[in-house]
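Visitor: Structure incoming, see below.
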Amino acid sequence: MGKYVRDLTIKESRKAGSDLQLITLFTGQPFPGFLPGQFLQIRVDGSSDTFLRRPFSVHDYDSSSGELKILVHIVGNGSRTLAAMPPGESVNAIFPLGNSFTMPEKGQKVLLVGGGCGIAPLLYLGRKIVENGIKPQFLLGFRNSSVMPETRPYSELGELLIVTEDGSEGEAGFVTDHHVLKEGEYDRIYCCGPDEMMKAVVNAPAALNAGCEVSLENLMACGFGVCLCCIAETVRGNLCTCTDGPVFNSADLKWGQPGISCG
Amino acid sequence: MGKYVRDLTIKESRKAGSDLQLITLFTGQPFPGFLPGQFLQIRVDGSSDTFLRRPFSVHDYDSSSGELKILVHIVGNGSRTLAAMPPGESVNAIFPLGNSFTMPEKGQKVLLVGGGCGIAPLLYLGRKIVENGIKPQFLLGFRNSSVMPETRPYSELGELLIVTEDGSEGEAGFVTDHHVLKEGEYDRIYCCGPDEMMKAVVNAPAALNAGCEVSLENLMACGFGVCLCCIAETVRGNLCTCTDGPVFNSADLKWGQPGISCG
Amino acid sequence: MIDMTVDLNGLKLKNPVMTASGTSGYGTELEDFFDPSLLGALIVKGTTPEPREGNRYPRMAETASGMLNSVGLQNKGIGHFKEVIYPDISRYDTEVIVNINGNTIDDYLNITGQLVSMDKIRAIELNISCPNVKMGGMAFGTHSASAREVIREVRKAWPRHLMVKLSPNVTSVTEFASIAEEEGADSLSLINTLLGIAIDAEKRRPKLANITGGLSGPAIKPVALRMVWQVSKAVEIPVVGIGGIVSSDDALEFIIAGASAIQVGTGIFLDPEAPVKIVKGIEDYCKRHGFSNTEEFRGSFEDVAP
Amino acid sequence: MIDMTVDLNGLKLKNPVMTASGTSGYGTELEDFFDPSLLGALIVKGTTPEPREGNRYPRMAETASGMLNSVGLQNKGIGHFKEVIYPDISRYDTEVIVNINGNTIDDYLNITGQLVSMDKIRAIELNISCPNVKMGGMAFGTHSASAREVIREVRKAWPRHLMVKLSPNVTSVTEFASIAEEEGADSLSLINTLLGIAIDAEKRRPKLANITGGLSGPAIKPVALRMVWQVSKAVEIPVVGIGGIVSSDDALEFIIAGASAIQVGTGIFLDPEAPVKIVKGIEDYCKRHGFSNTEEFRGSFEDVAP
Ligand SMILES: Cc1cc2nc3c(=O)[nH]c(=O)nc-3n(C[C@H](O)[C@H](O)[C@H](O)COP(=O)(O)OP(=O)(O)OC[C@H]3O[C@@H](n4cnc5c(N)ncnc54)[C@H](O)[C@@H]3O)c2cc1C
Ligand SMILES: Cc1cc2nc3c(=O)[nH]c(=O)nc-3n(C[C@H](O)[C@H](O)[C@H](O)COP(=O)(O)OP(=O)(O)OC[C@H]3O[C@@H](n4cnc5c(N)ncnc54)[C@H](O)[C@@H]3O)c2cc1C
Ligand SMILES: Cc1cc2nc3c(=O)[nH]c(=O)nc-3n(C[C@H](O)[C@H](O)[C@H](O)COP(=O)(O)O)c2cc1C
Ligand SMILES: Cc1cc2nc3c(=O)[nH]c(=O)nc-3n(C[C@H](O)[C@H](O)[C@H](O)COP(=O)(O)O)c2cc1C
Ligand code: FES
Ligand code: FES
């Protein structure tokens, strides 16, 4: 699949929760589009601390309008600078990068689990699943309601279950406490979030008989497979998160790795 | 004299000629004010190429309103970034820095010569000279009329003579070709501009019996006398342009120094 | 007309721009962005006799205008290269140079021996400067007797162009340059990364699993330029400049300091199209300044008083 | 209550923050911004027996996240220091440490001899690592026998705290650290600048009149941290960390790597108030993490697996 290095114009940028910014980028000239789970490497100019590009997942994409959404958690200099850029300015991006989630087959029961920083890719994944004729369930966990993005886009696609640590919205606790992970029956579970959460999810009773795919957010230097910095330790050896991933079958991962993902 | 490290707010910023930006900064809380010839060290964030602060002269200052003007020639990354900053943003500055021009005595005949990038400090100097009851003459030289700033502020203070290399405004040629430098008689000549120009001015016939002061724009790391990077070679040894200068008596300078100033 | 070719002591390059080892995979990954045949040469990732998994994650940390990496020569071994990669990249209309590594001299000889039969490979880059492996690597490149020995043995075993890649983590880079020249190296490339560490103050732990890593990027350019300048004055063989090159201005600075050619490393991560842009930028510079070939201003910066 | 004091092998500091030599003049220049007595120590500019004019202009060039300087020890000599500076700075309620330099061992002894009578000076920093002078300087700090000799002789002549400032331009910084320890140094400070050059590609000339200069600033922090870590593991005497410190996070990283105290150099140019802000930032960190003294987490980063 070809890759593009392009200046994308910021069409809209708005606060989507505390420390959360929803940015709409215009992708311009045609290109083959994005698969769910893919990401972009965005150059954030203007600081010696953001020397390398920053990876961000496709949060949503509309091929007819060419509008791409990214959901940015503000955690450091790069994300802060990006979130503060006004509409009209442009950012340089390399895309589309990475593999993608495997689409479920007709009639399968599907759960999408996201925690905190890991929810970004799940909206676009949900949309593609719906386009495939399946209504997914979303289980999203947050520290509290203030850090939550708008939930309507999710509930429009499928059933939405919310968990917050302080109970300020939905059930109180961690996503892994939710009964669907204990008693639910699924064919496929897709998961993205902090390391500990993903580990717990793929080991939950509900995941026992399901195919589980997780999306990793390993530190990256290049994002297109040339530096070998972003490896995930797998049963097939060290694989690149940026080209062999970011989506991995949970059974392939060794999980012993320190700081495997965004947590 | 105390020095201040403060965030100054950009009140206004407008194009003042090609590659020339006039920026009005608000100095805020009271401080002793500026002497003519003094400068500020301005931090231009946002690029690893503008790691150090950038020195800019006081172009004009109104102590009653606290408004300070700097005239920025866009020559590289730092000046470009500064010139592009919108009103409302602030820049961190250290000020006031450097010595100052010596005020002429009552009744003295005074010429202010500026070339290209060196005209910035002459407006404020002219204003102070006028406040001292003397009407100065300005001799300003430019490549052509498009790179000239607005001339009214100068002509309001004194007689204004313009020279452009291509004759697009005023006389054609170099400032040093102007007859006032050949035949004029002055008690004091103040000069700021490219190295070669300053050298020629202080050696012009009109300068023979005048006290000449020049303002240097040596490369600086600190701007407040601690690094010893900015030295000017003088008959009294190497002196700091940032504390012993930027204004020097031309007779003290050795002039053998490579790239002594902004040219 | 600008003649962009470079004669690197017999190795003819169509232009002075190469990719640096470990920063462009096998070159094939770049095809998504441009035709690798447009470059002067491709230097493929550090290759060892046996497959290696490299060091543990995290392997990279960002630093001011630079980055640390502790990849540690992850690669699938020379066998995989021979069977899978070589047939594929032989189609490139440019030089493919293999960066060779080992724990022991025998390792280096093993890999050299296998490369001899691969006709497309006109040159090897002998890496005695990898800071990220416990054995071999920088240990060879920072100890003069070992450096001499490994270069001598590889020289005997390798009939074509031998480029030796020097470590900057030494007191005297010219000492190692001279050793390489004496032992018959055809060219030198420098610099490899500077050994560094990064620390997370909040967590009070190293940012790299391996603790130390190699510093690359614009941060190291002044050191790289200095070493290239020193070495190109100290030896007769051509020097290939590496370190912090992200633009054609950077590349030109290395040529002005004395380099015959240059390699782009970390710059590729910032902009995968950087190598071709640099080729173009050098050509434009030649035009603008009236040079017909880079050789006309190579090492010229001492001709002019500052 | 946070106890910010540091016991540097007998030299008591009120906090771990010092100014680096050559970047704060004689300390008096900082009075415009803050009271120098708030710092752990002031290290005054490199002083030689005779007055020196230093190298020619231009002496500085900006680089990515750093700068090169080729000041070359411009100073008015120890005589001027004794008569004019010393009486003035004796009023500071903090340690004043003199950075001493020379072309020959006799030069170092001359200046040491004169400092003995200045009671206020409880410590000297023996600089064997200045890259900007033709004779002496780094020549001592990159050659082990010379380093040993100059340290030995100065040690004999100086009864109070002896801090030795090491050069990073060596293959093994621990070798020089051990030599200094063996010869009786009370503490070590590192790193001095990395030797580098900068080139103006358009003009094809060096940016510094001296061609080479010393690289400082955030660009070099990873190398400095690595060397501080290596040295603090290799010797028993305390280490003072220097290199690219502009914030309290940077300072903390050096302490976590093993430094007992730190010096702020180029950081002062960016923000003259940086040293006092760093003192405050370290104090806040201690509070936040429940430490009562920096010694509690010094060198701690290897306790935790990354
Ligand atoms: C494939 C992929 C997809 C991603 N998608 C998104 C997304 O859609 N939305 C989003 O907000 N973020 C996403 N991330 C994470 C995002 O790239 C980082 O948060 C961002 O690079 C941080 O940059 P910064 O300059 O703001 O923070 P820095 O100043 O660089 O870092 C701040 C803190 O965050 C940590 N950190 C930085 N990057 C990562 C990372 N990749 N993993 C774990 N910790 C990190 C640092 O160690 C540090 O503690 C994704 C990462 C990957 C690899
Ligand atoms: C005391 C003093 C007062 C000054 N006052 C003004 C002023 O009022 N208005 C104004 O426009 N400029 C003034 N300057 C010059 C100004 O500081 C520089 O033009 C500016 O720092 C350039 O920054 P940059 O990042 O845009 O350019 P850079 O990218 O740093 O440099 C671009 C080019 O300009 C050259 N250059 C940079 N700084 C200088 C310098 N100081 N002298 C000579 N060449 C230089 C560089 O070598 C390079 O070739 C003054 C300088 C000094 C020392
Ligand atoms: C991620 C990474 C991997 C590298 N791997 C190798 C390698 O395998 N062999 C080698 O000789 N150099 C390797 N290097 C060093 C580069 O080839 C180059 O010498 C160094 O990065 C300096 O150049 P730069 O600043 O342009 O990156 C690697 C560098 C990086 C950043
Ligand atoms: C302009 C300048 C002058 C310096 N002069 C001296 C000196 O006289 N003696 C010395 O030991 N180090 C000198 N140094 C080195 C600093 O003390 C310090 O070791 C180095 O700059 C690294 O620290 P930094 O990155 O915080 O600047 C000088 C550094 C600079 C930038
Ligand atoms: S980030 Fe470079 S290979 Fe994955
Ligand atoms: S710029 Fe530092 S002393 Fe003048």
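Starting from 1 in every chain, residues are counted up; chains themselves are A, B, ... following the order of the structure tokens, and ligands are numbered from 1 as listed.
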Can you list, as a list in words, every protein, DNA or RNA residue that comes within 8 Å of Leu253 (chain B) when you count only C-alpha atoms, leaving out same-chain residues fewer than 2 positions away?

Guide: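 Counting only the stated atoms, we get Ala232, Glu233, Thr234, Val235, Phe248, Asn249, Ser250, Ala251 and Trp255 of chain B.
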
Visitor: Can you list, as a PyMOL selection string, all residues belonging to region 40-176 of chain C that DSSP tags as helix (DSSP H, G or I)?

Guide: chain C and resi 77-89+105-116+138-141+144-157+173-176

Visitor: Kindly indicate which residue among B:Gly225, B:Gly17, B:Gly115, B:Gly33 lies nearest to ligand 6, using only C-alpha atoms and all ligand atoms for the distances.

Guide: B:Gly225

Visitor: Please determine, counting only C-alpha atoms, which residue among A:Leu239, A:Cys227, A:Ala93, A:Leu25 has the shortest atom-to-atom distance to chain C.

Guide: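 Once distances to chain C are computed over only C-alpha atoms, the minimum belongs to A:Cys227.
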
Visitor: Distance cut-off 6 Å, counting only C-alpha atoms - which residues of chain C neighbour chain D? Return them as a list in words.

Guide: Ala64, Ser65, Asn169, Val170, Thr171, Gly196, Ile197, Ala198, Ile199, Ala201, Arg204, Arg205, Pro206, Ala209, Pro218, Ala219, Pro222, Val223, Arg226, Glu253, Phe301 and Pro306 of chain C

Visitor: Atom 34 (O, counted along the ligand's line) of ligand 1 and CA of Leu82 (chain A) are how many Å apart?

Guide: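 Here the two named atoms are 14.3 Å from each other.
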
Visitor: List every residue of chain C that has an atom at most 10 Å from any atom of chain A, giving for each one its closest atom pair and the distance in Å to one decimal, counting only C-alpha atoms, sorted by chain and then by ascending residue number, as JSON lines.

Guide:
{"residue": "C:Ser21", "atom": "CA", "partner": "A:Cys227", "partner_atom": "CA", "distance": 9.6}
{"residue": "C:Gly22", "atom": "CA", "partner": "A:Cys227", "partner_atom": "CA", "distance": 6.1}
{"residue": "C:Thr23", "atom": "CA", "partner": "A:Cys227", "partner_atom": "CA", "distance": 5.1}
{"residue": "C:Ser24", "atom": "CA", "partner": "A:Val226", "partner_atom": "CA", "distance": 4.7}
{"residue": "C:Gly25", "atom": "CA", "partner": "A:Val226", "partner_atom": "CA", "distance": 4.5}
{"residue": "C:Tyr26", "atom": "CA", "partner": "A:Val226", "partner_atom": "CA", "distance": 8.0}
{"residue": "C:Gly27", "atom": "CA", "partner": "A:Val226", "partner_atom": "CA", "distance": 8.5}
{"residue": "C:Thr28", "atom": "CA", "partner": "A:Val226", "partner_atom": "CA", "distance": 9.4}
{"residue": "C:Glu29", "atom": "CA", "partner": "A:Val226", "partner_atom": "CA", "distance": 6.7}
{"residue": "C:Leu30", "atom": "CA", "partner": "A:Val226", "partner_atom": "CA", "distance": 8.4}
{"residue": "C:Glu31", "atom": "CA", "partner": "A:Gly2", "partner_atom": "CA", "distance": 8.5}
{"residue": "C:Asp32", "atom": "CA", "partner": "A:Gly2", "partner_atom": "CA", "distance": 5.2}
{"residue": "C:Phe33", "atom": "CA", "partner": "A:Lys3", "partner_atom": "CA", "distance": 6.5}
{"residue": "C:Lys45", "atom": "CA", "partner": "A:Val226", "partner_atom": "CA", "distance": 8.7}
{"residue": "C:Arg52", "atom": "CA", "partner": "A:Asn238", "partner_atom": "CA", "distance": 9.5}
{"residue": "C:Glu53", "atom": "CA", "partner": "A:Asn238", "partner_atom": "CA", "distance": 6.3}
{"residue": "C:Gly54", "atom": "CA", "partner": "A:Asn238", "partner_atom": "CA", "distance": 8.5}
{"residue": "C:Asn55", "atom": "CA", "partner": "A:Cys229", "partner_atom": "CA", "distance": 9.6}
{"residue": "C:Arg56", "atom": "CA", "partner": "A:Gln257", "partner_atom": "CA", "distance": 7.8}
{"residue": "C:Tyr57", "atom": "CA", "partner": "A:Ile231", "partner_atom": "CA", "distance": 6.6}
{"residue": "C:Pro58", "atom": "CA", "partner": "A:Leu219", "partner_atom": "CA", "distance": 7.3}
{"residue": "C:Arg59", "atom": "CA", "partner": "A:Cys229", "partner_atom": "CA", "distance": 5.3}
{"residue": "C:Met60", "atom": "CA", "partner": "A:Cys229", "partner_atom": "CA", "distance": 5.8}
{"residue": "C:Ala61", "atom": "CA", "partner": "A:Leu219", "partner_atom": "CA", "distance": 8.2}
{"residue": "C:Glu62", "atom": "CA", "partner": "A:Phe51", "partner_atom": "CA", "distance": 7.2}
{"residue": "C:Thr63", "atom": "CA", "partner": "A:Asp49", "partner_atom": "CA", "distance": 6.8}
{"residue": "C:Ala64", "atom": "CA", "partner": "A:Ser48", "partner_atom": "CA", "distance": 5.3}
{"residue": "C:Ser65", "atom": "CA", "partner": "A:Ser48", "partner_atom": "CA", "distance": 5.2}
{"residue": "C:Gly66", "atom": "CA", "partner": "A:Phe51", "partner_atom": "CA", "distance": 6.7}
{"residue": "C:Met67", "atom": "CA", "partner": "A:Phe51", "partner_atom": "CA", "distance": 8.2}
{"residue": "C:Leu68", "atom": "CA", "partner": "A:Ala221", "partner_atom": "CA", "distance": 9.8}
{"residue": "C:Asn69", "atom": "CA", "partner": "A:Cys229", "partner_atom": "CA", "distance": 7.1}
{"residue": "C:Ser70", "atom": "CA", "partner": "A:Cys229", "partner_atom": "CA", "distance": 7.8}
{"residue": "C:Val71", "atom": "CA", "partner": "A:Cys229", "partner_atom": "CA", "distance": 6.1}
{"residue": "C:Gly72", "atom": "CA", "partner": "A:Leu228", "partner_atom": "CA", "distance": 9.5}
{"residue": "C:Leu73", "atom": "CA", "partner": "A:Leu228", "partner_atom": "CA", "distance": 9.2}
{"residue": "C:Gln74", "atom": "CA", "partner": "A:Leu228", "partner_atom": "CA", "distance": 7.5}
{"residue": "C:Asn75", "atom": "CA", "partner": "A:Leu228", "partner_atom": "CA", "distance": 9.3}
{"residue": "C:Ala209", "atom": "CA", "partner": "A:Pro258", "partner_atom": "CA", "distance": 8.3}
{"residue": "C:Gly217", "atom": "CA", "partner": "A:Phe51", "partner_atom": "CA", "distance": 9.1}
{"residue": "C:Pro218", "atom": "CA", "partner": "A:Phe51", "partner_atom": "CA", "distance": 9.6}
{"residue": "C:Ala219", "atom": "CA", "partner": "A:Ser48", "partner_atom": "CA", "distance": 9.9}
{"residue": "C:Gly265", "atom": "CA", "partner": "A:Cys227", "partner_atom": "CA", "distance": 9.6}
{"residue": "C:Thr266", "atom": "CA", "partner": "A:Cys222", "partner_atom": "CA", "distance": 8.6}
{"residue": "C:Gly267", "atom": "CA", "partner": "A:Leu52", "partner_atom": "CA", "distance": 9.5}
{"residue": "C:Ile268", "atom": "CA", "partner": "A:Cys222", "partner_atom": "CA", "distance": 7.7}
{"residue": "C:Phe269", "atom": "CA", "partner": "A:Cys222", "partner_atom": "CA", "distance": 4.4}
{"residue": "C:Leu270", "atom": "CA", "partner": "A:Leu52", "partner_atom": "CA", "distance": 6.0}
{"residue": "C:Asp271", "atom": "CA", "partner": "A:Val5", "partner_atom": "CA", "distance": 8.2}
{"residue": "C:Pro272", "atom": "CA", "partner": "A:Val5", "partner_atom": "CA", "distance": 8.2}
{"residue": "C:Glu273", "atom": "CA", "partner": "A:Val5", "partner_atom": "CA", "distance": 8.2}

Visitor: Could you pull out the strand (DSSP E) residues of region 80-297 of chain C, going by DSSP on the backbone, and write them as a ChimeraX atom specification?

Guide: /C:95-100,123-127,161-165,187-190,194-197,199-200,205-206,212-216,239-242,261-264

Visitor: Dump the neighbourhood of ligand 1 as a PyMOL selection string: all residues within 7 Å, distances computed on only C-alpha atoms and all ligand atoms.

Guide: chain A and resi 39+50+54-59+70-80+117+120-121+216-220+242+246+261-263

Visitor: Output N, CA, C and O atoms for every residue in the selection just made, as a short mmCIF file (atom, residue, chain, number, x, y, z; two decimals), in the first residue's frame.

Guide:
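Written file, part.cif:
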data_model
loop_
_atom_site.label_atom_id
_atom_site.label_comp_id
_atom_site.auth_asym_id
_atom_site.auth_seq_id
_atom_site.Cartn_x
_atom_site.Cartn_y
_atom_site.Cartn_z
N PHE A 39 -2.84 4.39 11.52
CA PHE A 39 -2.49 5.65 12.17
C PHE A 39 -1.70 6.55 11.24
O PHE A 39 -1.36 6.16 10.11
N THR A 50 9.86 18.15 20.55
CA THR A 50 9.05 17.32 19.67
C THR A 50 9.79 17.17 18.37
O THR A 50 9.36 17.59 17.32
N ARG A 54 4.77 12.34 15.80
CA ARG A 54 3.91 11.75 16.82
C ARG A 54 2.83 10.90 16.16
O ARG A 54 2.15 11.38 15.24
N PRO A 55 2.70 9.65 16.61
CA PRO A 55 1.67 8.79 16.02
C PRO A 55 0.28 9.06 16.60
O PRO A 55 0.13 9.15 17.82
N PHE A 56 -0.71 9.17 15.74
CA PHE A 56 -2.11 9.30 16.17
C PHE A 56 -2.99 8.40 15.31
O PHE A 56 -2.83 8.35 14.09
N SER A 57 -3.92 7.72 15.96
CA SER A 57 -4.81 6.79 15.27
C SER A 57 -5.88 7.53 14.49
O SER A 57 -6.26 8.65 14.82
N VAL A 58 -6.39 6.85 13.49
CA VAL A 58 -7.57 7.35 12.79
C VAL A 58 -8.75 7.18 13.75
O VAL A 58 -9.10 6.06 14.11
N HIS A 59 -9.32 8.29 14.15
CA HIS A 59 -10.46 8.24 15.08
C HIS A 59 -11.75 8.10 14.27
O HIS A 59 -12.67 7.39 14.65
N ILE A 70 -8.90 13.03 14.38
CA ILE A 70 -8.03 12.39 15.36
C ILE A 70 -8.44 12.89 16.74
O ILE A 70 -8.92 14.02 16.89
N LEU A 71 -8.29 12.03 17.72
CA LEU A 71 -8.66 12.38 19.10
C LEU A 71 -7.36 12.40 19.88
O LEU A 71 -6.71 11.37 20.06
N VAL A 72 -6.99 13.59 20.32
CA VAL A 72 -5.67 13.77 20.91
C VAL A 72 -5.74 13.92 22.43
O VAL A 72 -6.40 14.82 22.94
N HIS A 73 -5.09 13.02 23.13
CA HIS A 73 -4.93 13.17 24.58
C HIS A 73 -3.72 14.05 24.82
O HIS A 73 -2.64 13.74 24.33
N ILE A 74 -3.90 15.08 25.59
CA ILE A 74 -2.79 15.99 25.85
C ILE A 74 -1.97 15.44 27.00
O ILE A 74 -2.39 15.44 28.15
N VAL A 75 -0.79 14.93 26.66
CA VAL A 75 0.06 14.32 27.67
C VAL A 75 1.44 14.97 27.75
O VAL A 75 2.16 14.79 28.72
N GLY A 76 1.82 15.71 26.72
CA GLY A 76 3.16 16.29 26.70
C GLY A 76 3.19 17.42 25.70
O GLY A 76 2.16 17.92 25.25
N ASN A 77 4.42 17.81 25.35
CA ASN A 77 4.61 18.95 24.48
C ASN A 77 3.99 18.81 23.09
O ASN A 77 3.40 19.73 22.57
N GLY A 78 4.19 17.64 22.50
CA GLY A 78 3.72 17.43 21.13
C GLY A 78 2.22 17.50 21.05
O GLY A 78 1.64 18.22 20.22
N SER A 79 1.55 16.76 21.90
CA SER A 79 0.09 16.74 21.87
C SER A 79 -0.46 18.11 22.26
O SER A 79 -1.47 18.55 21.72
N ARG A 80 0.20 18.80 23.18
CA ARG A 80 -0.27 20.12 23.60
C ARG A 80 -0.20 21.11 22.43
O ARG A 80 -1.14 21.85 22.16
N CYS A 117 -6.76 6.63 27.30
CA CYS A 117 -6.06 7.07 26.10
C CYS A 117 -6.27 6.13 24.92
O CYS A 117 -5.89 6.46 23.80
N ALA A 120 -9.28 6.04 21.05
CA ALA A 120 -9.28 6.72 19.75
C ALA A 120 -9.59 5.82 18.54
O ALA A 120 -10.45 6.16 17.73
N PRO A 121 -8.93 4.69 18.38
CA PRO A 121 -9.17 3.91 17.15
C PRO A 121 -10.51 3.18 17.12
O PRO A 121 -10.93 2.70 16.07
N LEU A 216 -1.51 -1.64 20.07
CA LEU A 216 -0.44 -1.14 20.95
C LEU A 216 -0.06 0.29 20.58
O LEU A 216 -0.20 0.71 19.44
N GLU A 217 0.43 1.01 21.58
CA GLU A 217 0.90 2.37 21.31
C GLU A 217 2.37 2.52 21.69
O GLU A 217 2.76 3.45 22.40
N ASN A 218 3.18 1.60 21.20
CA ASN A 218 4.61 1.66 21.52
C ASN A 218 5.29 2.93 21.03
O ASN A 218 4.86 3.54 20.04
N LEU A 219 6.34 3.30 21.71
CA LEU A 219 7.14 4.46 21.29
C LEU A 219 7.72 4.21 19.91
O LEU A 219 8.26 3.14 19.65
N MET A 220 7.60 5.18 19.06
CA MET A 220 8.06 5.03 17.68
C MET A 220 9.02 6.15 17.29
O MET A 220 8.83 7.29 17.69
N CYS A 242 4.83 -0.70 14.24
CA CYS A 242 4.36 0.24 13.21
C CYS A 242 4.01 -0.42 11.89
O CYS A 242 3.26 0.16 11.11
N PRO A 246 -0.14 -1.67 14.38
CA PRO A 246 -0.23 -1.71 15.85
C PRO A 246 -1.20 -2.77 16.38
O PRO A 246 -1.24 -2.98 17.56
N SER A 261 2.33 -0.46 26.25
CA SER A 261 1.43 0.46 25.56
C SER A 261 1.17 1.74 26.34
O SER A 261 1.84 2.03 27.31
N CYS A 262 0.13 2.46 25.93
CA CYS A 262 -0.03 3.86 26.30
C CYS A 262 -0.17 4.12 27.78
O CYS A 262 -0.02 5.25 28.24
N GLY A 263 -0.46 3.13 28.59
CA GLY A 263 -0.58 3.36 30.03
C GLY A 263 0.75 3.78 30.57
O GLY A 263 1.07 3.80 31.68
#

Visitor: Separation of CA of Ala177 (chain C) and CA of Val235 (chain C), in Å?

Guide: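 CA of Ala177 (chain C) sits 7.0 Å away from CA of Val235 (chain C).
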
Visitor: Would you pick out the contacts of Tyr186 (chain B) at 9 Å or less, using only C-alpha atoms, so that residues sharing its chain but fewer than 3 positions from it are not included, and give the list as a list in words?

Guide: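 Here the answer would be Gln108, Lys109, Val110, Leu111, Ile189, Ala206, Ala207, Asn209, Ala210 and Gly211 of chain B.
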
Visitor: Would you please work out which residue, of A:Val91, A:Val44, A:Leu125, A:Leu160, is nearest to chain B when using only C-alpha atoms?

Guide: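 Using only C-alpha atoms, chain B sits closest to A:Val44.
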
Visitor: May I have the residues within 12 Å of Pro153 (chain B) as a list in words, using only C-alpha atoms and disregarding those fewer than 3 positions away in the same chain?

Guide: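 The neighbour list is His59, Asp60, Ala120, Leu122, Leu123, Tyr124, Gly126, Arg127, Phe138, Pro149, Glu150, Glu156, Leu157, Gly158, Glu159 and Leu160 of chain B.
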
Visitor: Find the residues near Val154 (chain D): any atom within 8 Å, counting only C-alpha atoms, skip ones fewer than 2 places away on the same chain, and give them as a PyMOL selection string.

Guide: chain D and resi 108-109+112+150-152+156-158
